[in-house]
$ cat coords-v1.txt   # compact mmCIF, C-alpha atoms
# COMPACT_ATOMS: atom_id res chain seq x y z
CA MET A 1 -20.58 -47.80 22.13
CA THR A 2 -18.50 -45.90 24.70
CA CYS A 3 -19.25 -42.38 25.99
CA LYS A 4 -16.20 -41.14 24.07
CA GLU A 5 -17.55 -42.59 20.83
CA PHE A 6 -20.95 -41.08 21.58
CA LEU A 7 -19.40 -37.67 22.15
CA ALA A 8 -17.54 -37.85 18.84
CA LEU A 9 -20.90 -38.21 17.08
CA LEU A 10 -22.78 -35.72 19.25
CA ASP A 11 -22.77 -32.92 16.66
CA ASP A 12 -23.90 -35.24 13.89
CA LEU A 13 -26.76 -36.41 16.08
CA ILE A 14 -27.77 -32.83 16.95
CA ASP A 15 -27.47 -31.74 13.30
CA ASP A 16 -29.34 -34.84 12.17
CA THR A 17 -26.64 -35.98 9.78
CA VAL A 18 -26.29 -39.56 11.03
CA THR A 19 -27.34 -42.71 9.20
CA THR A 20 -30.30 -44.69 10.50
CA GLU A 21 -27.92 -47.39 11.69
CA THR A 22 -25.70 -44.99 13.62
CA ARG A 23 -28.75 -43.24 15.07
CA SER A 24 -29.99 -46.52 16.43
CA GLU A 25 -26.56 -47.25 18.02
CA LEU A 26 -26.61 -43.78 19.60
CA GLN A 27 -30.14 -44.33 20.90
CA THR A 28 -29.11 -47.67 22.42
CA HIS A 29 -26.24 -45.95 24.22
CA LEU A 30 -28.57 -43.20 25.46
CA GLY A 31 -30.93 -45.86 26.80
CA HIS A 32 -28.45 -46.88 29.47
CA CYS A 33 -26.24 -43.81 29.90
CA GLY A 34 -27.83 -41.01 31.87
CA HIS A 35 -24.70 -38.84 31.59
CA CYS A 36 -24.73 -38.79 27.80
CA GLU A 37 -28.46 -38.13 27.85
CA VAL A 38 -27.84 -35.05 30.02
CA ILE A 39 -25.05 -33.89 27.72
CA LEU A 40 -27.23 -34.28 24.63
CA ASN A 41 -30.22 -32.50 26.15
CA THR A 42 -28.27 -29.63 27.71
CA THR A 43 -26.20 -29.09 24.55
CA ARG A 44 -29.41 -28.89 22.53
CA LYS A 45 -30.78 -26.45 25.08
CA THR A 46 -27.60 -24.36 24.90
CA ILE A 47 -28.05 -23.95 21.15
CA GLU A 48 -31.76 -23.22 21.51
CA ILE A 49 -31.18 -20.51 24.14
CA TYR A 50 -28.52 -18.73 22.07
CA ARG A 51 -30.71 -18.95 18.99
CA SER A 52 -33.79 -17.53 20.68
CA HIS A 53 -32.02 -14.76 22.65
CA GLU A 54 -29.92 -12.94 20.10
CA ILE A 55 -27.22 -11.18 22.03
CA TYR A 56 -25.43 -8.02 20.89
CA ASP A 57 -28.59 -6.68 19.34
CA LEU A 58 -28.33 -3.50 17.35
CA PRO A 59 -30.62 -0.84 18.89
CA ALA A 60 -32.94 0.78 16.31
CA SER A 61 -31.50 4.29 16.70
CA LEU A 62 -27.90 3.11 16.30
CA ARG A 63 -28.92 0.94 13.38
CA GLU A 64 -30.49 3.89 11.58
CA ARG A 65 -27.46 6.09 12.25
CA LEU A 66 -24.99 3.51 10.93
CA HIS A 67 -27.22 2.74 8.00
CA ALA A 68 -27.51 6.41 7.04
CA ALA A 69 -23.73 6.81 7.29
CA ILE A 70 -23.09 3.79 5.06
CA MET A 71 -25.58 4.84 2.40
CA ALA A 72 -24.38 8.46 2.38
CA ARG A 73 -20.83 7.23 1.64
CA CYS A 74 -22.05 4.78 -1.00
CA LYS A 75 -24.01 7.48 -2.79
CA LYS A 76 -20.86 9.59 -2.90
CA GLY A 77 -19.05 6.62 -4.39
CA CYS A 78 -17.37 5.80 -1.00
CA MET B 1 -22.04 -15.99 -13.91
CA PRO B 2 -24.70 -15.86 -11.21
CA ALA B 3 -24.47 -17.86 -7.99
CA ILE B 4 -26.72 -20.86 -8.12
CA GLN B 5 -28.48 -22.85 -5.52
CA SER B 6 -29.86 -26.31 -6.00
CA ILE B 7 -33.45 -26.58 -4.89
CA ALA B 8 -35.14 -29.90 -5.55
CA GLY B 9 -32.88 -30.49 -8.51
CA GLN B 10 -33.58 -27.13 -10.09
CA LEU B 11 -31.05 -24.39 -10.36
CA GLU B 12 -32.31 -21.10 -9.10
CA PRO B 13 -30.36 -17.92 -8.53
CA HIS B 14 -29.92 -16.84 -4.93
CA PRO B 15 -32.15 -13.79 -4.25
CA ASP B 16 -29.06 -11.70 -3.42
CA VAL B 17 -27.71 -12.16 -6.94
CA ALA B 18 -30.43 -9.93 -8.43
CA LEU B 19 -29.72 -7.25 -5.80
CA VAL B 20 -25.98 -7.38 -6.45
CA ASP B 21 -26.62 -7.10 -10.19
CA ARG B 22 -28.81 -4.04 -9.63
CA VAL B 23 -26.10 -2.39 -7.51
CA ARG B 24 -23.54 -3.11 -10.20
CA GLY B 25 -25.92 -1.47 -12.66
CA GLY B 26 -25.87 1.71 -10.56
CA ASP B 27 -28.96 1.20 -8.40
CA VAL B 28 -27.71 2.22 -4.95
CA SER B 29 -31.12 1.53 -3.36
CA ALA B 30 -30.56 -2.19 -3.97
CA TYR B 31 -27.51 -1.95 -1.72
CA ASP B 32 -29.72 -0.37 0.91
CA THR B 33 -31.75 -3.59 0.88
CA LEU B 34 -28.63 -5.73 1.28
CA VAL B 35 -27.37 -3.62 4.19
CA ARG B 36 -30.72 -3.89 5.99
CA LYS B 37 -30.81 -7.61 5.37
CA TYR B 38 -27.45 -8.35 6.94
CA ASP B 39 -26.45 -5.46 9.24
CA ARG B 40 -27.51 -7.14 12.49
CA GLN B 41 -25.65 -10.34 11.72
CA ILE B 42 -22.49 -8.49 10.71
CA PHE B 43 -22.66 -6.38 13.86
CA ARG B 44 -22.90 -9.50 16.04
CA ILE B 45 -19.92 -11.14 14.32
CA ALA B 46 -17.88 -7.97 14.84
CA GLN B 47 -18.91 -7.86 18.52
CA HIS B 48 -17.90 -11.48 19.02
CA ILE B 49 -14.43 -10.84 17.64
CA THR B 50 -13.64 -7.33 18.85
CA GLN B 51 -15.52 -7.52 22.18
CA ASN B 52 -15.97 -3.79 21.88
CA ARG B 53 -19.11 -1.96 20.85
CA GLU B 54 -17.44 1.02 19.20
CA ASP B 55 -15.12 -1.25 17.25
CA ALA B 56 -18.10 -3.32 16.17
CA GLU B 57 -19.88 -0.20 14.90
CA ASP B 58 -16.80 0.81 12.92
CA VAL B 59 -16.32 -2.69 11.56
CA MET B 60 -19.91 -2.87 10.43
CA GLN B 61 -19.62 0.39 8.51
CA ASP B 62 -16.21 -0.44 7.06
CA ALA B 63 -17.27 -3.94 6.01
CA PHE B 64 -20.30 -2.69 4.09
CA LEU B 65 -18.32 0.14 2.50
CA LYS B 66 -15.50 -2.18 1.50
CA ALA B 67 -17.97 -4.68 0.05
CA TYR B 68 -19.58 -1.87 -1.95
CA GLU B 69 -16.23 -0.71 -3.29
CA LYS B 70 -15.15 -4.24 -4.16
CA LEU B 71 -18.44 -5.45 -5.55
CA ASP B 72 -16.87 -5.88 -8.98
CA GLN B 73 -14.51 -8.44 -7.47
CA PHE B 74 -17.37 -10.47 -6.02
CA GLN B 75 -17.49 -13.79 -7.84
CA GLY B 76 -20.93 -15.19 -8.31
CA ASN B 77 -19.74 -18.67 -7.36
CA SER B 78 -19.98 -17.82 -3.65
CA LYS B 79 -22.91 -16.40 -1.77
CA PHE B 80 -22.92 -12.65 -1.18
CA TYR B 81 -23.36 -13.14 2.57
CA THR B 82 -20.40 -15.52 2.99
CA TRP B 83 -18.27 -13.06 1.00
CA LEU B 84 -19.47 -10.20 3.23
CA VAL B 85 -18.74 -12.20 6.41
CA ARG B 86 -15.21 -12.79 5.21
CA ILE B 87 -14.68 -9.05 4.79
CA ALA B 88 -16.21 -8.35 8.21
CA VAL B 89 -14.06 -11.00 9.92
CA ASN B 90 -10.89 -9.54 8.37
CA GLU B 91 -11.90 -6.01 9.39
CA SER B 92 -12.63 -7.22 12.93
CA LEU B 93 -9.28 -8.97 13.22
CA MET B 94 -7.46 -5.89 11.95
CA ARG B 95 -9.23 -3.76 14.52
CA LEU B 96 -8.32 -6.25 17.26
CA ARG B 97 -4.67 -6.28 16.22
CA LYS B 98 -4.55 -2.48 16.40
CA ARG B 99 -6.01 -2.58 19.88
CA ARG B 100 -3.56 -5.23 20.97
CA THR B 101 -0.69 -3.23 19.48
CA GLY B 102 0.06 -5.51 16.62
CA LYS B 103 -0.28 -8.85 18.37
CA MET B 104 -1.29 -11.47 15.84
CA VAL B 105 -4.87 -12.58 16.10
CA SER B 106 -6.37 -15.04 13.69
CA ILE B 107 -9.47 -17.11 13.35
CA ASP B 108 -7.68 -20.26 12.26
CA GLU B 109 -5.10 -20.60 15.00
CA GLU B 110 -5.27 -24.03 16.55
CA ILE B 111 -6.32 -23.56 20.12
CA GLU B 112 -5.01 -26.09 22.54
CA THR B 113 -7.70 -26.41 25.11
CA ALA B 114 -9.03 -29.42 26.86
CA GLU B 115 -11.92 -27.44 28.30
CA GLY B 116 -15.24 -28.90 27.33
CA SER B 117 -13.75 -31.72 25.29
CA VAL B 118 -14.50 -34.01 28.21
CA PRO B 119 -17.68 -32.85 29.93
CA ARG B 120 -17.25 -32.60 33.67
CA ASP B 121 -20.51 -31.07 34.75
CA LEU B 122 -23.02 -33.84 34.30
CA ALA B 123 -25.85 -32.52 36.44
CA ASP B 124 -29.12 -32.01 34.64
CA TRP B 125 -30.61 -28.57 34.10
CA ALA B 126 -33.86 -27.27 35.48
CA PRO B 127 -36.75 -27.44 33.03
CA ASP B 128 -36.80 -24.19 31.00
CA PRO B 129 -33.90 -22.80 33.05
CA GLU B 130 -34.00 -19.45 31.25
CA GLN B 131 -37.34 -18.74 32.95
CA ASN B 132 -35.45 -18.21 36.20
CA TYR B 133 -33.83 -15.06 34.84
CA GLY B 134 -35.13 -11.78 33.51
CA ARG B 135 -34.41 -10.97 29.87
CA ALA B 136 -31.62 -8.48 30.63
CA GLU B 137 -30.02 -10.81 33.18
CA LEU B 138 -30.18 -13.74 30.79
CA ASN B 139 -28.58 -11.71 28.00
CA ARG B 140 -25.81 -10.70 30.42
CA ILE B 141 -25.22 -14.38 31.29
CA LEU B 142 -25.17 -15.43 27.63
CA GLU B 143 -22.75 -12.64 26.68
CA LYS B 144 -20.47 -13.34 29.64
CA THR B 145 -20.49 -17.06 28.89
CA ILE B 146 -19.56 -16.79 25.22
CA LYS B 147 -17.07 -13.96 25.77
CA GLY B 148 -14.41 -16.26 27.20
CA LEU B 149 -14.30 -18.55 24.17
CA PRO B 150 -11.53 -18.14 21.54
CA PRO B 151 -12.64 -15.91 18.59
CA GLY B 152 -12.63 -18.84 16.16
CA PHE B 153 -15.01 -20.81 18.36
CA LYS B 154 -17.39 -17.90 18.90
CA VAL B 155 -17.71 -17.04 15.23
CA VAL B 156 -18.20 -20.65 14.16
CA PHE B 157 -20.93 -21.07 16.80
CA GLU B 158 -22.58 -17.78 15.76
CA LEU B 159 -22.58 -18.64 12.06
CA ARG B 160 -23.58 -22.29 12.36
CA ASP B 161 -25.92 -22.40 15.34
CA VAL B 162 -27.33 -18.89 15.67
CA GLN B 163 -27.43 -17.74 12.04
CA GLY B 164 -27.97 -21.22 10.63
CA LEU B 165 -25.28 -21.27 7.92
CA SER B 166 -24.20 -24.63 6.55
CA THR B 167 -20.82 -26.10 7.52
CA GLU B 168 -19.63 -25.48 3.94
CA ASP B 169 -20.66 -21.80 3.91
CA THR B 170 -19.14 -21.26 7.36
CA ALA B 171 -15.88 -22.81 6.18
CA GLU B 172 -15.85 -20.59 3.10
CA ALA B 173 -16.68 -17.43 5.03
CA LEU B 174 -13.93 -18.05 7.57
CA GLY B 175 -11.33 -19.56 5.26
CA LEU B 176 -11.31 -22.74 7.34
CA SER B 177 -11.43 -26.38 6.32
CA ILE B 178 -14.65 -28.31 6.93
CA PRO B 179 -13.03 -30.55 9.61
CA ALA B 180 -11.76 -27.37 11.35
CA VAL B 181 -15.29 -25.91 11.40
CA LYS B 182 -16.68 -29.17 12.78
CA SER B 183 -14.04 -29.44 15.46
CA ARG B 184 -14.53 -25.82 16.58
CA LEU B 185 -18.29 -26.19 16.61
CA LEU B 186 -18.21 -29.26 18.84
CA ARG B 187 -15.81 -27.63 21.27
CA ALA B 188 -17.76 -24.36 21.28
CA ARG B 189 -21.03 -26.17 21.99
CA LEU B 190 -19.52 -28.25 24.79
CA GLN B 191 -17.71 -25.33 26.40
CA LEU B 192 -20.83 -23.16 26.34
CA ARG B 193 -22.88 -26.01 27.76
CA GLU B 194 -20.36 -26.55 30.55
CA ARG B 195 -20.22 -22.84 31.41
CA LEU B 196 -23.99 -22.37 31.32
CA SER B 197 -24.46 -25.34 33.64
CA ARG B 198 -23.43 -23.26 36.62
CA TYR B 199 -26.45 -21.01 36.01
CA PHE B 200 -28.96 -23.56 34.84
CA HIS B 201 -28.44 -26.45 37.26
CA ARG B 202 -31.45 -28.17 38.64
CA LYS B 203 -31.50 -27.07 42.26
CA LYS B 204 -30.91 -29.84 44.77
CA GLY B 205 -34.09 -31.04 46.42
CA VAL B 206 -36.31 -29.70 43.62
CA GLU B 207 -38.39 -32.46 42.14
CA LYS B 208 -38.81 -32.95 38.42
$ encode --input "coords-v1.txt" --output "structure tokens"
Amino acid sequence: MTCKEFLALLDDLIDDTVTTETRSELQTHLGHCGHCEVILNTTRKTIEIYRSHEIYDLPASLRERLHAAIMARCKKGC
Amino acid sequence: MPAIQSIAGQLEPHPDVALVDRVRGGDVSAYDTLVRKYDRQIFRIAQHITQNREDAEDVMQDAFLKAYEKLDQFQGNSKFYTWLVRIAVNESLMRLRKRRTGKMVSIDEEIETAEGSVPRDLADWAPDPEQNYGRAELNRILEKTIKGLPPGFKVVFELRDVQGLSTEDTAEALGLSIPAVKSRLLRARLQLRERLSRYFHRKKGVEK
């Protein structure tokens, strides 16, 4: 397996949607390709960091204000 | 007909279906529950597309109001949330077009970019690299990093990787094909990885 072929299956590997056979081919490639190992690990870490640090959070006061505005309009029938 | 979800071979209605039914029956408080359940996610999607906090606030309000008005048109064969996202994405794009004086902006335009498709930065990251930054600084880095991606990439990444929607639901919410969602997700992940590398590199001379 080449690095290009590995990269094409990177998402499937991360999302765990590969067959056992393909997984084993990917693991074999990883065993001797440090670059692809770095790409896999840092891509996983990228996802993990964005998932655990939700950006653009809605502050509580703004959330309540927007919520009240929405519900007031809905109660009036918009 | 209510939306159905297959769980271990059994068909069970999605919990939102009961709430939607109650709203349709005149119970406005059930809509309150739906707004509270999804307001943060909708706000983030609007921020990703509009890149403007005031626009995102307006989009969030307009999307929920429009969904309320159109609730009779909601078909039970899709999930309420994917339907809501679709409304929010359209509202966000409209807002963006107004700001850019009518310039067409869409989520499904094919973006020709080689960036990230072939990883260039192959240096490993420090262990737990986020520990090197304070919370506010890290959030600033994450926002700055994702800001430069095309809108279609950002929203696919947000829905799939941050909010955990399936590829199918993401495709439905954005009106994209499944291969298009997959292709955008891969490129978004690789571009973010590449851009974050400059902050998270293992420092030279630092042992594992």
$ interface_residues --input "coords-v1.txt" --of "chain B" --to "chain A" --cutoff "9 Å" --atoms "only C-alpha atoms" --output "MDAnalysis selection string"
chainID B and resid 28:29 31:32 35:36 39:41 43:44 47:48 53 57:58 60:62 64:66 68:69 117:119 121:125 128 130 135 138:140 142:143 157:158 161:163 182 185:186 189:190 192:194 196:197
$ atom_distance --input "coords-v1.txt" --atom1 "atom CA of B:Arg184" --atom2 "atom CA of B:Leu93"
18.0 Å
$ atom_distance --input "coords-v1.txt" --atom1 "atom CA of A:His29" --atom2 "atom CA of A:Met1"
6.3 Å
$ atom_distance --input "coords-v1.txt" --atom1 "atom CA of B:Trp83" --atom2 "atom CA of B:Gln191"
28.2 Å
$ residues_around --input "coords-v1.txt" --residues "B:Arg95" --least-positions-apart "6" --cutoff "8 Å" --atoms "all atoms listed in the file" --output "short mmCIF file (atom, residue, chain, number, x, y, z; two decimals) with C-alpha atoms, in the frame of the given file"
data_model
loop_
_atom_site.label_atom_id
_atom_site.label_comp_id
_atom_site.auth_asym_id
_atom_site.auth_seq_id
_atom_site.Cartn_x
_atom_site.Cartn_y
_atom_site.Cartn_z
CA THR B 50 -13.64 -7.33 18.85
CA ASP B 55 -15.12 -1.25 17.25
CA VAL B 59 -16.32 -2.69 11.56
#
$ closest_residue --input "coords-v1.txt" --among "B:His14, B:Arg202, B:Lys79, B:Lys98" --to "B:Leu165" --atoms "all atoms listed in the file"
B:Lys79
$ closest_residue --input "coords-v1.txt" --among "B:Ser92, B:Ser183, B:Ser78, B:Gln73" --to "B:Arg24" --atoms "only C-alpha atoms"
B:Gln73
